[in-house]
$ cat entry_10.cif   # mmCIF, N, CA and C atoms and all ligand atoms
data_query
#
loop_
_atom_site.group_PDB
_atom_site.id
_atom_site.type_symbol
_atom_site.label_atom_id
_atom_site.label_comp_id
_atom_site.auth_asym_id
_atom_site.auth_seq_id
_atom_site.Cartn_x
_atom_site.Cartn_y
_atom_site.Cartn_z
ATOM 1 N N MET A 178 11.625 -6.326 0.902
ATOM 2 C CA MET A 178 10.632 -5.251 0.710
ATOM 3 C C MET A 178 9.421 -5.798 -0.034
ATOM 4 N N ASP A 179 8.249 -5.288 0.332
ATOM 5 C CA ASP A 179 7.017 -5.728 -0.329
ATOM 6 C C ASP A 179 7.039 -5.351 -1.803
ATOM 7 N N ASP A 180 6.361 -6.164 -2.585
ATOM 8 C CA ASP A 180 6.198 -5.795 -3.984
ATOM 9 C C ASP A 180 5.339 -4.540 -4.067
ATOM 10 N N PHE A 181 5.726 -3.632 -4.906
ATOM 11 C CA PHE A 181 4.859 -2.478 -5.110
ATOM 12 C C PHE A 181 3.953 -2.775 -6.288
ATOM 13 N N HIS A 182 2.884 -2.008 -6.378
ATOM 14 C CA HIS A 182 1.915 -2.229 -7.441
ATOM 15 C C HIS A 182 1.902 -1.010 -8.345
ATOM 16 N N PRO A 183 2.519 -1.121 -9.514
ATOM 17 C CA PRO A 183 2.683 0.045 -10.378
ATOM 18 C C PRO A 183 1.353 0.670 -10.794
ATOM 19 N N ASP A 184 0.256 -0.099 -10.708
ATOM 20 C CA ASP A 184 -1.031 0.458 -11.122
ATOM 21 C C ASP A 184 -1.768 1.132 -9.982
ATOM 22 N N ASP A 185 -1.268 0.945 -8.777
ATOM 23 C CA ASP A 185 -1.932 1.541 -7.625
ATOM 24 C C ASP A 185 -1.195 2.809 -7.220
ATOM 25 N N ASP A 186 -1.767 3.948 -7.598
ATOM 26 C CA ASP A 186 -1.080 5.221 -7.381
ATOM 27 C C ASP A 186 -0.857 5.517 -5.902
ATOM 28 N N LYS A 187 -1.666 4.902 -5.054
ATOM 29 C CA LYS A 187 -1.522 5.181 -3.627
ATOM 30 C C LYS A 187 -0.477 4.285 -2.970
ATOM 31 N N ASP A 188 0.041 3.347 -3.726
ATOM 32 C CA ASP A 188 1.028 2.430 -3.173
ATOM 33 C C ASP A 188 2.326 3.185 -2.857
ATOM 34 N N ILE A 189 2.868 2.926 -1.696
ATOM 35 C CA ILE A 189 4.122 3.577 -1.304
ATOM 36 C C ILE A 189 5.284 2.843 -1.996
ATOM 37 N N ILE A 190 6.029 3.585 -2.771
ATOM 38 C CA ILE A 190 7.154 2.960 -3.476
ATOM 39 C C ILE A 190 8.433 3.097 -2.657
ATOM 40 N N CYS A 191 8.489 4.137 -1.834
ATOM 41 C CA CYS A 191 9.656 4.328 -0.974
ATOM 42 C C CYS A 191 9.179 4.576 0.446
ATOM 43 N N GLY A 192 9.345 3.570 1.277
ATOM 44 C CA GLY A 192 8.882 3.666 2.655
ATOM 45 C C GLY A 192 9.628 4.729 3.447
ATOM 46 N N CYS A 193 10.867 4.946 3.154
ATOM 47 C CA CYS A 193 11.671 5.907 3.916
ATOM 48 C C CYS A 193 11.161 7.328 3.729
ATOM 49 N N SER A 194 10.787 7.676 2.520
ATOM 50 C CA SER A 194 10.343 9.044 2.251
ATOM 51 C C SER A 194 8.832 9.124 2.127
ATOM 52 N N GLY A 195 8.147 7.972 2.137
ATOM 53 C CA GLY A 195 6.698 7.967 1.981
ATOM 54 C C GLY A 195 6.252 8.319 0.572
ATOM 55 N N THR A 196 7.131 8.140 -0.392
ATOM 56 C CA THR A 196 6.810 8.490 -1.780
ATOM 57 C C THR A 196 5.878 7.449 -2.397
ATOM 58 N N THR A 197 4.820 7.941 -3.042
ATOM 59 C CA THR A 197 3.854 7.022 -3.651
ATOM 60 C C THR A 197 4.171 6.792 -5.133
ATOM 61 N N VAL A 198 3.602 5.687 -5.632
ATOM 62 C CA VAL A 198 3.708 5.388 -7.058
ATOM 63 C C VAL A 198 3.163 6.559 -7.881
ATOM 64 N N GLY A 199 2.008 7.090 -7.425
ATOM 65 C CA GLY A 199 1.371 8.184 -8.164
ATOM 66 C C GLY A 199 2.261 9.417 -8.249
ATOM 67 N N HIS A 200 2.965 9.709 -7.161
ATOM 68 C CA HIS A 200 3.864 10.868 -7.138
ATOM 69 C C HIS A 200 4.988 10.691 -8.165
ATOM 70 N N VAL A 201 5.567 9.494 -8.188
ATOM 71 C CA VAL A 201 6.664 9.244 -9.133
ATOM 72 C C VAL A 201 6.136 9.313 -10.572
ATOM 73 N N LYS A 202 4.934 8.762 -10.804
ATOM 74 C CA LYS A 202 4.364 8.827 -12.161
ATOM 75 C C LYS A 202 4.150 10.271 -12.596
ATOM 76 N N LYS A 203 3.687 11.112 -11.659
ATOM 77 C CA LYS A 203 3.473 12.522 -11.992
ATOM 78 C C LYS A 203 4.787 13.176 -12.388
ATOM 79 N N LEU A 204 5.847 12.847 -11.658
ATOM 80 C CA LEU A 204 7.157 13.405 -11.988
ATOM 81 C C LEU A 204 7.601 12.930 -13.364
ATOM 82 N N ILE A 205 7.387 11.639 -13.643
ATOM 83 C CA ILE A 205 7.772 11.100 -14.940
ATOM 84 C C ILE A 205 7.010 11.849 -16.039
ATOM 85 N N ASP A 206 5.710 12.091 -15.795
ATOM 86 C CA ASP A 206 4.899 12.837 -16.767
ATOM 87 C C ASP A 206 5.486 14.215 -17.023
ATOM 88 N N LYS A 207 6.082 14.795 -15.989
ATOM 89 C CA LYS A 207 6.660 16.135 -16.137
ATOM 90 C C LYS A 207 8.062 16.079 -16.719
ATOM 91 N N GLY A 208 8.544 14.884 -17.028
ATOM 92 C CA GLY A 208 9.867 14.753 -17.616
ATOM 93 C C GLY A 208 10.961 14.490 -16.603
ATOM 94 N N VAL A 209 10.580 14.377 -15.339
ATOM 95 C CA VAL A 209 11.566 14.029 -14.314
ATOM 96 C C VAL A 209 11.667 12.507 -14.326
ATOM 97 N N ALA A 210 12.466 12.015 -15.245
ATOM 98 C CA ALA A 210 12.396 10.584 -15.550
ATOM 99 C C ALA A 210 13.736 9.876 -15.409
ATOM 100 N N ASP A 211 14.475 10.247 -14.414
ATOM 101 C CA ASP A 211 15.621 9.399 -14.088
ATOM 102 C C ASP A 211 15.766 9.324 -12.573
ATOM 103 N N LEU A 212 16.416 8.279 -12.152
ATOM 104 C CA LEU A 212 16.465 7.961 -10.729
ATOM 105 C C LEU A 212 16.986 9.125 -9.892
ATOM 106 N N GLU A 213 18.028 9.772 -10.386
ATOM 107 C CA GLU A 213 18.660 10.824 -9.591
ATOM 108 C C GLU A 213 17.711 11.997 -9.357
ATOM 109 N N ARG A 214 17.021 12.402 -10.415
ATOM 110 C CA ARG A 214 16.126 13.559 -10.267
ATOM 111 C C ARG A 214 14.883 13.191 -9.468
ATOM 112 N N ILE A 215 14.390 11.980 -9.646
ATOM 113 C CA ILE A 215 13.251 11.537 -8.848
ATOM 114 C C ILE A 215 13.657 11.511 -7.381
ATOM 115 N N SER A 216 14.856 11.046 -7.119
ATOM 116 C CA SER A 216 15.359 10.995 -5.762
ATOM 117 C C SER A 216 15.453 12.398 -5.166
ATOM 118 N N ARG A 217 15.957 13.331 -5.958
ATOM 119 C CA ARG A 217 16.102 14.701 -5.466
ATOM 120 C C ARG A 217 14.741 15.348 -5.215
ATOM 121 N N ALA A 218 13.770 15.034 -6.072
ATOM 122 C CA ALA A 218 12.455 15.656 -5.955
ATOM 123 C C ALA A 218 11.636 15.080 -4.806
ATOM 124 N N THR A 219 11.848 13.829 -4.462
ATOM 125 C CA THR A 219 10.962 13.167 -3.504
ATOM 126 C C THR A 219 11.664 12.717 -2.229
ATOM 127 N N GLY A 220 12.971 12.627 -2.274
ATOM 128 C CA GLY A 220 13.688 12.052 -1.140
ATOM 129 C C GLY A 220 13.792 10.539 -1.235
ATOM 130 N N ALA A 221 13.143 9.957 -2.261
ATOM 131 C CA ALA A 221 13.253 8.514 -2.453
ATOM 132 C C ALA A 221 14.701 8.143 -2.725
ATOM 133 N N CYS A 222 15.101 6.993 -2.266
ATOM 134 C CA CYS A 222 16.481 6.515 -2.462
ATOM 135 C C CYS A 222 17.499 7.319 -1.692
ATOM 136 N N SER A 223 17.046 8.171 -0.786
ATOM 137 C CA SER A 223 18.027 8.906 0.010
ATOM 138 C C SER A 223 18.122 8.302 1.411
ATOM 139 N N GLY A 224 17.305 7.278 1.660
ATOM 140 C CA GLY A 224 17.383 6.598 2.942
ATOM 141 C C GLY A 224 18.119 5.285 2.771
ATOM 142 N N CYS A 225 17.378 4.190 2.893
ATOM 143 C CA CYS A 225 18.024 2.874 2.857
ATOM 144 C C CYS A 225 18.427 2.472 1.439
ATOM 145 N N GLY A 226 17.829 3.121 0.432
ATOM 146 C CA GLY A 226 18.141 2.769 -0.953
ATOM 147 C C GLY A 226 17.426 1.526 -1.443
ATOM 148 N N GLY A 227 16.619 0.928 -0.572
ATOM 149 C CA GLY A 227 15.945 -0.318 -0.930
ATOM 150 C C GLY A 227 14.900 -0.169 -2.021
ATOM 151 N N CYS A 228 14.474 1.056 -2.268
ATOM 152 C CA CYS A 228 13.431 1.261 -3.272
ATOM 153 C C CYS A 228 14.007 1.455 -4.668
ATOM 154 N N GLU A 229 15.307 1.513 -4.771
ATOM 155 C CA GLU A 229 15.910 1.791 -6.080
ATOM 156 C C GLU A 229 15.418 0.839 -7.182
ATOM 157 N N PRO A 230 15.411 -0.492 -6.932
ATOM 158 C CA PRO A 230 14.929 -1.382 -7.991
ATOM 159 C C PRO A 230 13.470 -1.126 -8.357
ATOM 160 N N GLU A 231 12.669 -0.762 -7.364
ATOM 161 C CA GLU A 231 11.262 -0.490 -7.651
ATOM 162 C C GLU A 231 11.116 0.748 -8.517
ATOM 163 N N ILE A 232 11.879 1.775 -8.206
ATOM 164 C CA ILE A 232 11.770 3.001 -8.989
ATOM 165 C C ILE A 232 12.284 2.759 -10.409
ATOM 166 N N LEU A 233 13.361 2.014 -10.510
ATOM 167 C CA LEU A 233 13.863 1.685 -11.853
ATOM 168 C C LEU A 233 12.825 0.867 -12.621
ATOM 169 N N ALA A 234 12.147 -0.052 -11.906
ATOM 170 C CA ALA A 234 11.123 -0.865 -12.568
ATOM 171 C C ALA A 234 9.966 0.010 -13.031
ATOM 172 N N LEU A 235 9.587 0.980 -12.188
ATOM 173 C CA LEU A 235 8.493 1.874 -12.575
ATOM 174 C C LEU A 235 8.902 2.725 -13.775
ATOM 175 N N LEU A 236 10.137 3.181 -13.779
ATOM 176 C CA LEU A 236 10.629 3.964 -14.926
ATOM 177 C C LEU A 236 10.570 3.131 -16.204
ATOM 178 N N ALA A 237 10.897 1.837 -16.072
ATOM 179 C CA ALA A 237 10.888 0.968 -17.256
ATOM 180 C C ALA A 237 9.458 0.680 -17.703
ATOM 181 N N GLU A 238 8.569 0.583 -16.698
ATOM 182 C CA GLU A 238 7.210 0.181 -16.997
ATOM 183 C C GLU A 238 6.344 1.365 -17.398
ATOM 184 N N TYR A 239 6.726 2.528 -16.961
ATOM 185 C CA TYR A 239 5.916 3.724 -17.178
ATOM 186 C C TYR A 239 6.804 4.786 -17.807
ATOM 187 N N PRO A 240 7.193 4.537 -19.058
ATOM 188 C CA PRO A 240 8.194 5.405 -19.677
ATOM 189 C C PRO A 240 7.609 6.768 -20.010
ATOM 190 N N PRO A 241 8.457 7.765 -20.102
ATOM 191 C CA PRO A 241 7.992 9.121 -20.428
ATOM 192 C C PRO A 241 7.597 9.198 -21.891
ATOM 193 N N SER A 242 6.413 8.702 -22.191
ATOM 194 C CA SER A 242 5.973 8.648 -23.580
ATOM 195 C C SER A 242 5.283 9.931 -24.004
ATOM 196 N N HIS A 243 5.299 10.911 -23.069
ATOM 197 C CA HIS A 243 4.614 12.158 -23.363
ATOM 198 C C HIS A 243 5.657 13.198 -23.738
ATOM 199 N N PRO A 244 5.680 13.610 -24.975
ATOM 200 C CA PRO A 244 6.725 14.518 -25.426
ATOM 201 C C PRO A 244 6.600 15.909 -24.802
HETATM 202 S S1 LIG B 301 12.667 2.723 0.781
HETATM 203 FE FE1 LIG B 301 13.392 4.373 -0.399
HETATM 204 S S2 LIG B 301 15.225 4.966 0.583
HETATM 205 FE FE2 LIG B 301 14.441 3.389 1.860
#

$ encode --input "entry_10.cif" --output "structure tokens"
Amino acid sequence: MDDFHPDDDKDIICGCSGTTVGHVKKLIDKGVADLERISRATGACSGCGGCEPEILALLAEYPPSHP
């Protein structure tokens, strides 16, 4: 799988569901900050599962620092 770019909100993080980096960041901002809930909200990781490491990396890199 291609490297995703955590700073590019338009970058597709999950090709199966078409989920973008920006969409996942918005969810994280809203407190939806774990893989299972992100998956449920976007459909990411419900296909091939190949995006799981990318989503985990984004969660690590873009932590929910907003209380
Ligand atoms: S790329 Fe996300 S489930 Fe396939």

$ closest_residue --input "entry_10.cif" --among "A:Cys191, A:Gly199, A:Pro183, A:Ala210" --to "Glu229 of chain A" --atoms "all atoms listed in the file"
A:Cys191

$ residues_near_ligand --input "entry_10.cif" --ligand "ligand LIG 301 (chain B)" --cutoff "6 Å" --atoms "all atoms listed in the file" --output "list in words"
Ile190, Cys191, Gly192, Cys193, Ser194, Ala221, Cys222, Ser223, Gly224, Cys225, Gly226, Gly227, Cys228 and Glu229 of chain A

$ atom_distance --input "entry_10.cif" --atom1 "atom CA of Asp186 of chain A" --atom2 "atom N of Val198 of chain A"
5.0 Å

$ residues_around --input "entry_10.cif" --residues "Ile215 of chain A" --least-positions-apart "4" --cutoff "9 Å" --atoms "only C-alpha atoms" --output "PyMOL selection string"
chain A and resi 201+204-205+209-211+219-222+232

$ atom_distance --input "entry_10.cif" --atom1 "atom C of Asp184 of chain A" --atom2 "atom C of Thr197 of chain A"
9.5 Å

$ atom_distance --input "entry_10.cif" --atom1 "atom CA of His182 of chain A" --atom2 "atom CA of Ala218 of chain A"
20.8 Å

$ select_by_dssp --input "entry_10.cif" --residues "chain A" --states "helix (DSSP H, G or I)" --output "list in words"
Val198, Gly199, His200, Val201, Lys202, Lys203, Leu204, Ile205, Asp206, Leu212, Glu213, Arg214, Ile215, Ser216, Arg217, Ala218, Thr219, Glu229, Pro230, Glu231, Ile232, Leu233, Ala234, Leu235, Leu236, Ala237 and Glu238 of chain A

$ axis_aligned_box --input "entry_10.cif" --around "segment 223-240 of chain A" --padding-each-side "5 Å" --output "lines of an AutoDock Vina configuration file"
center_x = 12.2
center_y = 3.8
center_z = -8.5
size_x = 22.5
size_y = 20.3
size_z = 33.0

$ select_by_dssp --input "entry_10.cif" --residues "chain A" --states "strand (DSSP E or B)" --output "PyMOL selection string"
chain A and resi 189-191+196-197

$ closest_residue --input "entry_10.cif" --among "A:Gly195, A:His200, A:Asp206, A:Glu213" --to "Tyr239 of chain A" --atoms "only C-alpha atoms"
A:Asp206

$ decode --input "entry_10.cif" --residues "chain A" --atoms "C-alpha atoms" --output "mmCIF file, in the first residue's frame"
data_model
loop_
_atom_site.group_PDB
_atom_site.id
_atom_site.type_symbol
_atom_site.label_atom_id
_atom_site.label_comp_id
_atom_site.auth_asym_id
_atom_site.auth_seq_id
_atom_site.Cartn_x
_atom_site.Cartn_y
_atom_site.Cartn_z
ATOM 1 C CA MET A 178 0.000 0.000 0.000
ATOM 2 C CA ASP A 179 1.159 3.531 -0.753
ATOM 3 C CA ASP A 180 2.445 5.633 2.068
ATOM 4 C CA PHE A 181 -0.195 8.010 3.268
ATOM 5 C CA HIS A 182 0.608 11.591 4.102
ATOM 6 C CA PRO A 183 -0.710 12.527 7.533
ATOM 7 C CA ASP A 184 -0.473 16.236 6.694
ATOM 8 C CA ASP A 185 -2.485 15.966 3.516
ATOM 9 C CA ASP A 186 -6.128 15.940 4.545
ATOM 10 C CA LYS A 187 -7.209 14.908 1.073
ATOM 11 C CA ASP A 188 -5.023 11.826 1.111
ATOM 12 C CA ILE A 189 -7.018 8.601 1.077
ATOM 13 C CA ILE A 190 -6.085 6.561 4.120
ATOM 14 C CA CYS A 191 -8.421 3.677 3.334
ATOM 15 C CA GLY A 192 -8.840 2.850 -0.320
ATOM 16 C CA CYS A 193 -11.646 0.375 0.306
ATOM 17 C CA SER A 194 -13.950 2.906 1.939
ATOM 18 C CA GLY A 195 -12.459 6.037 0.360
ATOM 19 C CA THR A 196 -11.797 7.477 3.812
ATOM 20 C CA THR A 197 -9.514 10.507 3.830
ATOM 21 C CA VAL A 198 -6.897 11.557 6.349
ATOM 22 C CA GLY A 199 -8.945 14.706 6.982
ATOM 23 C CA HIS A 200 -12.066 12.685 7.792
ATOM 24 C CA VAL A 201 -10.211 10.560 10.341
ATOM 25 C CA LYS A 202 -8.632 13.676 11.900
ATOM 26 C CA LYS A 203 -12.079 15.246 12.252
ATOM 27 C CA LEU A 204 -13.308 12.137 14.033
ATOM 28 C CA ILE A 205 -10.280 12.181 16.322
ATOM 29 C CA ASP A 206 -11.047 15.843 17.101
ATOM 30 C CA LYS A 207 -14.545 14.769 18.090
ATOM 31 C CA GLY A 208 -13.123 12.138 20.421
ATOM 32 C CA VAL A 209 -13.647 9.200 18.095
ATOM 33 C CA ALA A 210 -10.098 8.144 18.707
ATOM 34 C CA ASP A 211 -9.776 4.428 18.528
ATOM 35 C CA LEU A 212 -9.552 2.075 15.617
ATOM 36 C CA GLU A 213 -12.843 0.320 16.244
ATOM 37 C CA ARG A 214 -14.946 3.469 16.402
ATOM 38 C CA ILE A 215 -13.169 5.057 13.454
ATOM 39 C CA SER A 216 -13.841 1.875 11.535
ATOM 40 C CA ARG A 217 -17.513 1.933 12.478
ATOM 41 C CA ALA A 218 -17.873 5.607 11.573
ATOM 42 C CA THR A 219 -16.123 5.459 8.204
ATOM 43 C CA GLY A 220 -16.096 1.865 7.042
ATOM 44 C CA ALA A 221 -12.300 1.953 7.158
ATOM 45 C CA CYS A 222 -10.754 -1.393 8.069
ATOM 46 C CA SER A 223 -13.945 -3.176 7.144
ATOM 47 C CA GLY A 224 -12.607 -4.228 3.762
ATOM 48 C CA CYS A 225 -9.131 -5.612 3.222
ATOM 49 C CA GLY A 226 -7.861 -4.300 6.571
ATOM 50 C CA GLY A 227 -4.718 -3.035 4.876
ATOM 51 C CA CYS A 228 -5.214 0.464 6.220
ATOM 52 C CA GLU A 229 -5.107 -0.579 9.854
ATOM 53 C CA PRO A 230 -1.413 0.308 10.346
ATOM 54 C CA GLU A 231 -1.969 3.673 8.695
ATOM 55 C CA ILE A 232 -4.905 4.511 10.911
ATOM 56 C CA LEU A 233 -2.997 3.419 13.990
ATOM 57 C CA ALA A 234 -0.073 5.572 12.834
ATOM 58 C CA LEU A 235 -2.377 8.555 12.369
ATOM 59 C CA LEU A 236 -3.850 7.999 15.830
ATOM 60 C CA ALA A 237 -0.324 7.971 17.258
ATOM 61 C CA GLU A 238 0.732 10.996 15.273
ATOM 62 C CA TYR A 239 -2.420 13.027 15.723
ATOM 63 C CA PRO A 240 -3.475 12.307 19.276
ATOM 64 C CA PRO A 241 -6.731 13.612 20.730
ATOM 65 C CA SER A 242 -5.089 16.510 22.503
ATOM 66 C CA HIS A 243 -8.326 18.441 22.570
ATOM 67 C CA PRO A 244 -10.141 17.859 25.834
#
